[in-house]
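Chemist: What follows is the file run.cif, containing mmCIF, C-alpha atoms:
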data_final
#
loop_
_atom_site.group_PDB
_atom_site.id
_atom_site.type_symbol
_atom_site.label_atom_id
_atom_site.label_comp_id
_atom_site.auth_asym_id
_atom_site.auth_seq_id
_atom_site.Cartn_x
_atom_site.Cartn_y
_atom_site.Cartn_z
ATOM 1 C CA MET A 21 -31.279 -68.946 63.376
ATOM 2 C CA SER A 22 -34.860 -67.687 63.337
ATOM 3 C CA ASN A 23 -34.362 -64.029 62.444
ATOM 4 C CA LYS A 24 -31.555 -64.532 59.933
ATOM 5 C CA ALA A 25 -31.949 -63.111 56.461
ATOM 6 C CA HIS A 26 -31.302 -66.515 54.951
ATOM 7 C CA ASN A 27 -34.619 -67.663 56.395
ATOM 8 C CA LEU A 28 -36.274 -64.992 54.277
ATOM 9 C CA LEU A 29 -34.666 -66.101 51.035
ATOM 10 C CA GLY A 30 -38.067 -67.096 49.762
ATOM 11 C CA THR A 31 -38.654 -63.390 49.187
ATOM 12 C CA ASN A 32 -37.387 -61.589 46.145
ATOM 13 C CA ALA A 33 -36.099 -58.720 48.239
ATOM 14 C CA ALA A 34 -33.831 -60.955 50.302
ATOM 15 C CA ARG A 35 -32.630 -62.817 47.230
ATOM 16 C CA GLN A 36 -31.787 -59.519 45.549
ATOM 17 C CA GLN A 37 -29.987 -58.360 48.658
ATOM 18 C CA LEU A 38 -27.938 -61.561 48.745
ATOM 19 C CA LYS A 39 -27.134 -61.247 45.043
ATOM 20 C CA SER A 40 -26.054 -57.645 45.528
ATOM 21 C CA VAL A 41 -23.725 -58.544 48.421
ATOM 22 C CA VAL A 42 -22.095 -61.344 46.454
ATOM 23 C CA GLU A 43 -21.655 -59.247 43.323
ATOM 24 C CA ARG A 44 -20.204 -56.294 45.212
ATOM 25 C CA VAL A 45 -17.682 -58.510 46.969
ATOM 26 C CA GLU A 46 -16.746 -60.190 43.697
ATOM 27 C CA ARG A 47 -16.240 -56.863 41.935
ATOM 28 C CA LEU A 48 -14.089 -55.572 44.786
ATOM 29 C CA GLU A 49 -12.067 -58.786 44.845
ATOM 30 C CA GLU A 50 -11.386 -58.378 41.143
ATOM 31 C CA GLU A 51 -10.150 -54.856 41.719
ATOM 32 C CA LYS A 52 -7.976 -56.061 44.568
ATOM 33 C CA LYS A 53 -6.530 -58.784 42.386
ATOM 34 C CA ALA A 54 -5.776 -56.293 39.608
ATOM 35 C CA ILE A 55 -3.842 -54.149 42.083
ATOM 36 C CA ALA A 56 -1.978 -57.172 43.406
ATOM 37 C CA ASP A 57 -1.004 -57.922 39.796
ATOM 38 C CA ASP A 58 0.215 -54.340 39.391
ATOM 39 C CA ILE A 59 2.344 -54.688 42.510
ATOM 40 C CA ARG A 60 3.818 -57.921 41.182
ATOM 41 C CA GLU A 61 4.580 -56.117 37.947
ATOM 42 C CA VAL A 62 6.414 -53.290 39.713
ATOM 43 C CA TYR A 63 8.528 -55.846 41.573
ATOM 44 C CA GLY A 64 9.175 -57.727 38.344
ATOM 45 C CA GLU A 65 10.343 -54.549 36.674
ATOM 46 C CA ALA A 66 12.559 -53.714 39.647
ATOM 47 C CA LYS A 67 14.063 -57.195 39.507
ATOM 48 C CA ALA A 68 14.729 -56.826 35.784
ATOM 49 C CA ASN A 69 16.515 -53.581 36.632
ATOM 50 C CA GLY A 70 18.774 -55.440 39.030
ATOM 51 C CA PHE A 71 17.138 -54.723 42.372
ATOM 52 C CA ASP A 72 16.790 -57.427 45.010
ATOM 53 C CA THR A 73 13.033 -57.789 45.480
ATOM 54 C CA LYS A 74 13.294 -59.703 48.733
ATOM 55 C CA ILE A 75 15.062 -56.705 50.265
ATOM 56 C CA LEU A 76 12.601 -54.311 48.621
ATOM 57 C CA ARG A 77 9.738 -56.135 50.342
ATOM 58 C CA GLN A 78 11.564 -55.912 53.665
ATOM 59 C CA ILE A 79 12.164 -52.178 53.160
ATOM 60 C CA ILE A 80 8.510 -51.547 52.399
ATOM 61 C CA LYS A 81 7.528 -53.337 55.595
ATOM 62 C CA LEU A 82 10.092 -51.355 57.589
ATOM 63 C CA ARG A 83 8.835 -48.062 56.186
ATOM 64 C CA LYS A 84 5.460 -48.756 57.796
ATOM 65 C CA LEU A 85 7.088 -48.530 61.228
ATOM 66 C CA ASP A 86 8.253 -45.314 62.832
ATOM 67 C CA LEU A 87 11.870 -45.018 63.954
ATOM 68 C CA ALA A 88 11.117 -45.988 67.568
ATOM 69 C CA GLU A 89 9.235 -49.144 66.564
ATOM 70 C CA ARG A 90 11.993 -50.081 64.154
ATOM 71 C CA GLN A 91 14.664 -49.629 66.804
ATOM 72 C CA GLU A 92 12.668 -51.698 69.266
ATOM 73 C CA GLN A 93 12.263 -54.518 66.740
ATOM 74 C CA ASP A 94 16.000 -54.395 65.974
ATOM 75 C CA ALA A 95 16.837 -54.579 69.664
ATOM 76 C CA VAL A 96 14.546 -57.530 70.327
ATOM 77 C CA ARG A 97 15.754 -59.353 67.231
ATOM 78 C CA ASP A 98 19.392 -58.841 68.245
ATOM 79 C CA LEU A 99 18.568 -60.112 71.710
ATOM 80 C CA TYR A 100 17.065 -63.309 70.279
ATOM 81 C CA MET A 101 19.915 -63.761 67.809
ATOM 82 C CA HIS A 102 22.488 -63.330 70.575
ATOM 83 C CA ALA A 103 20.647 -65.891 72.675
ATOM 84 C CA LEU A 104 20.764 -68.315 69.757
ATOM 85 C CA GLY A 105 24.440 -67.721 68.976
ATOM 86 C CA MET A 106 23.584 -66.301 65.562
ATOM 87 C CA LEU A 107 25.696 -63.169 65.854
ATOM 88 C CA PRO A 108 29.465 -63.340 65.143
ATOM 89 C CA ASP A 109 30.556 -62.174 68.605
ATOM 90 C CA PHE A 110 28.598 -65.040 70.070
ATOM 91 C CA VAL A 111 29.914 -67.832 67.862
ATOM 92 C CA PRO A 112 31.263 -70.345 70.410
ATOM 93 C CA ASP A 113 34.917 -71.412 70.149
ATOM 94 C CA GLY A 114 35.199 -74.122 67.562
ATOM 95 C CA GLY A 115 31.777 -73.258 66.165
ATOM 96 C CA GLU A 116 30.916 -74.010 62.595
ATOM 97 C CA GLY A 117 30.870 -70.389 61.460
ATOM 98 C CA MET B 18 26.210 -59.338 43.144
ATOM 99 C CA SER B 19 28.384 -57.276 40.829
ATOM 100 C CA ASN B 20 25.843 -56.127 38.273
ATOM 101 C CA LYS B 21 22.994 -55.502 40.715
ATOM 102 C CA ALA B 22 21.387 -52.098 40.740
ATOM 103 C CA HIS B 23 22.063 -51.767 44.453
ATOM 104 C CA ASN B 24 25.745 -51.570 43.655
ATOM 105 C CA LEU B 25 24.988 -48.460 41.615
ATOM 106 C CA LEU B 26 23.117 -46.701 44.389
ATOM 107 C CA GLY B 27 25.858 -44.118 44.519
ATOM 108 C CA THR B 28 24.286 -42.675 41.368
ATOM 109 C CA ASN B 29 21.307 -40.385 41.469
ATOM 110 C CA ALA B 30 19.602 -42.294 38.673
ATOM 111 C CA ALA B 31 19.622 -45.584 40.601
ATOM 112 C CA ARG B 32 18.517 -43.853 43.796
ATOM 113 C CA GLN B 33 15.630 -42.245 41.946
ATOM 114 C CA GLN B 34 14.726 -45.588 40.408
ATOM 115 C CA LEU B 35 14.698 -47.222 43.833
ATOM 116 C CA LYS B 36 12.598 -44.405 45.271
ATOM 117 C CA SER B 37 10.133 -44.710 42.402
ATOM 118 C CA VAL B 38 9.740 -48.470 42.901
ATOM 119 C CA VAL B 39 9.128 -48.083 46.623
ATOM 120 C CA GLU B 40 6.649 -45.260 46.182
ATOM 121 C CA ARG B 41 4.705 -47.061 43.467
ATOM 122 C CA VAL B 42 4.416 -50.205 45.582
ATOM 123 C CA GLU B 43 3.350 -48.170 48.598
ATOM 124 C CA ARG B 44 0.672 -46.331 46.625
ATOM 125 C CA LEU B 45 -0.661 -49.607 45.203
ATOM 126 C CA GLU B 46 -0.648 -51.219 48.642
ATOM 127 C CA GLU B 47 -2.712 -48.330 49.966
ATOM 128 C CA GLU B 48 -5.234 -48.823 47.174
ATOM 129 C CA LYS B 49 -5.325 -52.544 47.887
ATOM 130 C CA LYS B 50 -5.909 -51.876 51.563
ATOM 131 C CA ALA B 51 -8.738 -49.450 50.773
ATOM 132 C CA ILE B 52 -10.440 -52.145 48.704
ATOM 133 C CA ALA B 53 -9.941 -54.725 51.437
ATOM 134 C CA ASP B 54 -11.635 -52.258 53.807
ATOM 135 C CA ASP B 55 -14.522 -51.892 51.354
ATOM 136 C CA ILE B 56 -14.920 -55.668 51.220
ATOM 137 C CA ARG B 57 -14.954 -55.829 55.007
ATOM 138 C CA GLU B 58 -17.620 -53.132 54.976
ATOM 139 C CA VAL B 59 -19.835 -55.054 52.552
ATOM 140 C CA TYR B 60 -19.595 -58.131 54.770
ATOM 141 C CA GLY B 61 -20.323 -56.008 57.849
ATOM 142 C CA GLU B 62 -23.417 -54.609 56.185
ATOM 143 C CA ALA B 63 -24.534 -58.087 55.118
ATOM 144 C CA LYS B 64 -24.060 -59.326 58.671
ATOM 145 C CA ALA B 65 -26.093 -56.411 60.010
ATOM 146 C CA ASN B 66 -28.805 -57.439 57.556
ATOM 147 C CA GLY B 67 -28.839 -60.941 59.020
ATOM 148 C CA PHE B 68 -26.686 -62.855 56.544
ATOM 149 C CA ASP B 69 -24.148 -65.400 57.732
ATOM 150 C CA THR B 70 -20.816 -64.011 56.540
ATOM 151 C CA LYS B 71 -18.927 -67.274 57.013
ATOM 152 C CA ILE B 72 -21.268 -68.898 54.495
ATOM 153 C CA LEU B 73 -21.071 -65.855 52.209
ATOM 154 C CA ARG B 74 -17.289 -66.249 52.081
ATOM 155 C CA GLN B 75 -17.678 -69.949 51.264
ATOM 156 C CA ILE B 76 -20.167 -69.134 48.502
ATOM 157 C CA ILE B 77 -17.843 -66.579 46.958
ATOM 158 C CA LYS B 78 -15.054 -69.155 46.907
ATOM 159 C CA LEU B 79 -17.366 -71.750 45.366
ATOM 160 C CA ARG B 80 -18.490 -69.344 42.638
ATOM 161 C CA LYS B 81 -14.880 -69.207 41.428
ATOM 162 C CA LEU B 82 -15.092 -72.872 40.483
ATOM 163 C CA ASP B 83 -17.056 -74.203 37.534
ATOM 164 C CA LEU B 84 -19.711 -76.850 38.108
ATOM 165 C CA ALA B 85 -17.408 -79.771 37.278
ATOM 166 C CA GLU B 86 -14.706 -78.600 39.707
ATOM 167 C CA ARG B 87 -17.296 -78.054 42.399
ATOM 168 C CA GLN B 88 -18.752 -81.517 41.909
ATOM 169 C CA GLU B 89 -15.304 -83.059 42.040
ATOM 170 C CA GLN B 90 -14.491 -81.237 45.269
ATOM 171 C CA ASP B 91 -17.812 -82.365 46.758
ATOM 172 C CA ALA B 92 -17.133 -85.958 45.773
ATOM 173 C CA VAL B 93 -13.631 -85.982 47.257
ATOM 174 C CA ARG B 94 -14.807 -84.273 50.417
ATOM 175 C CA ASP B 95 -17.628 -86.801 50.850
ATOM 176 C CA LEU B 96 -15.158 -89.610 50.307
ATOM 177 C CA TYR B 97 -12.901 -88.280 53.076
ATOM 178 C CA MET B 98 -15.844 -87.643 55.390
ATOM 179 C CA HIS B 99 -17.158 -91.168 54.825
ATOM 180 C CA ALA B 100 -13.718 -92.563 55.583
ATOM 181 C CA LEU B 101 -13.654 -90.606 58.829
ATOM 182 C CA GLY B 102 -17.177 -91.613 59.862
ATOM 183 C CA MET B 103 -18.338 -88.004 59.692
ATOM 184 C CA LEU B 104 -21.439 -88.695 57.623
ATOM 185 C CA PRO B 105 -24.621 -90.001 59.330
ATOM 186 C CA ASP B 106 -24.835 -93.230 57.322
ATOM 187 C CA PHE B 107 -21.337 -94.101 58.436
ATOM 188 C CA VAL B 108 -21.705 -93.431 62.166
ATOM 189 C CA PRO B 109 -20.520 -96.736 63.682
ATOM 190 C CA ASP B 110 -22.868 -98.612 66.040
ATOM 191 C CA GLY B 111 -22.486 -97.178 69.495
ATOM 192 C CA GLY B 112 -20.707 -94.133 68.161
ATOM 193 C CA GLU B 113 -20.741 -90.930 70.089
ATOM 194 C CA GLY B 114 -23.434 -89.459 67.890
#
What is this structure when it is put down as structure tokens?
Modeler:
Amino acid sequence: MSNKAHNLLGTNAARQQLKSVVERVERLEEEKKAIADDIREVYGEAKANGFDTKILRQIIKLRKLDLAERQEQDAVRDLYMHALGMLPDFVPDGGEG
Amino acid sequence: MSNKAHNLLGTNAARQQLKSVVERVERLEEEKKAIADDIREVYGEAKANGFDTKILRQIIKLRKLDLAERQEQDAVRDLYMHALGMLPDFVPDGGEG
């Protein structure tokens, strides 16, 4: 711990540096929060207009993937769902679905 | 599901509305990500200057609380730590140290 800045906090310079770090992070976090609020607002508006926001969030995630990645995810998911009997053609005879 | 906007997606207006929602969210998410990167950069710089970023993050959380909240949290935490023998004056005889 010997050469850490917090061992120099007796100096004004180090205290100022610490203060600056904390204030910069806090300002940025406020900006980030404001944007998160804006996003929530857009979803709220979309919901009021009759869109399903759960699906919108899924779509926005999917749009971050390219076609190949999306297809691979679909394939793996189908594989797992088949294995778990979650897809109609795998419902066992007399199953609950 | 009858009056949901996604049942009107045959219309250009609804498609445009959907496109607008998605694009606005995506733009805002990009801005949010840029700010998150800035925050990471500030912490990286602080670390390079010898500050302990784990403690910085704790401090920034603590600064969101007022003094009374902070004191209450401290009191409850001490209570739990006492109960668990985590504080020196509660180390049982022959404890592991």
Chemist: Can you translate the PyMOL selection byres ((chain B and resi 52-61) around 12) into the concrete residues it hits in this file, as number ranges by chain?
Modeler: A: 37-38, 40-56; B: 45-51, 62-74, 77
Chemist: State, in Å with one decimal place, the distance from atom CA of Ile76 of chain B to atom CA of Gln88 of chain B.
Modeler: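 Atom-to-atom, atom CA of Ile76 of chain B to atom CA of Gln88 of chain B, that is 14.1 Å.
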Chemist: Counting all atoms listed in the file, figure out which residue out of A:Ala88, A:Ala33, A:Leu104, A:Val96 gets nearest to chain B.
Modeler: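 When distances to chain B are compared using all atoms listed in the file, the smallest one comes from A:Ala33.
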Chemist: Tell me, in Å to one decimal, how far atom CA of Gln75 of chain B is from atom CA of Gln90 of chain B.
Modeler: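 If I compute the distance from atom CA of Gln75 of chain B to atom CA of Gln90 of chain B, I get 13.2 Å.
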Chemist: Hey, can you check how far atom CA of Lys36 of chain B sits from atom CA of Lys84 of chain A?
Modeler: 15.1 Å
Chemist: Mind giving me the axis-aligned box for segment 81-99 of chain A with 4 Å on every side, centre plus edges in Å to one decimal, as AutoDock Vina command-line options?
Modeler:
--center_x 12.4 --center_y -52.6 --center_z 63.7 --size_x 21.9 --size_y 23.1 --size_z 24.1
Chemist: Have a look at A:Thr31, A:Arg83, A:Gly105, A:Glu92 and name the one nearest to chain B; count all atoms listed in the file.
Modeler: A:Arg83
Chemist: Which residue is closest to chain A? Choose from B:Asp83, B:Ala92, B:Lys78, B:Gly27 and count only C-alpha atoms.
Modeler: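 Among B:Asp83, B:Ala92, B:Lys78, B:Gly27, it is B:Lys78 that comes nearest to chain A.
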Chemist: Rank A:Leu82, A:Asn32, A:Arg90, A:Met101 by their smallest atom-to-atom distance to chain B, using all atoms listed in the file, and report the top residue only.
Modeler: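 For chain B, the nearest of the given residues is A:Leu82.
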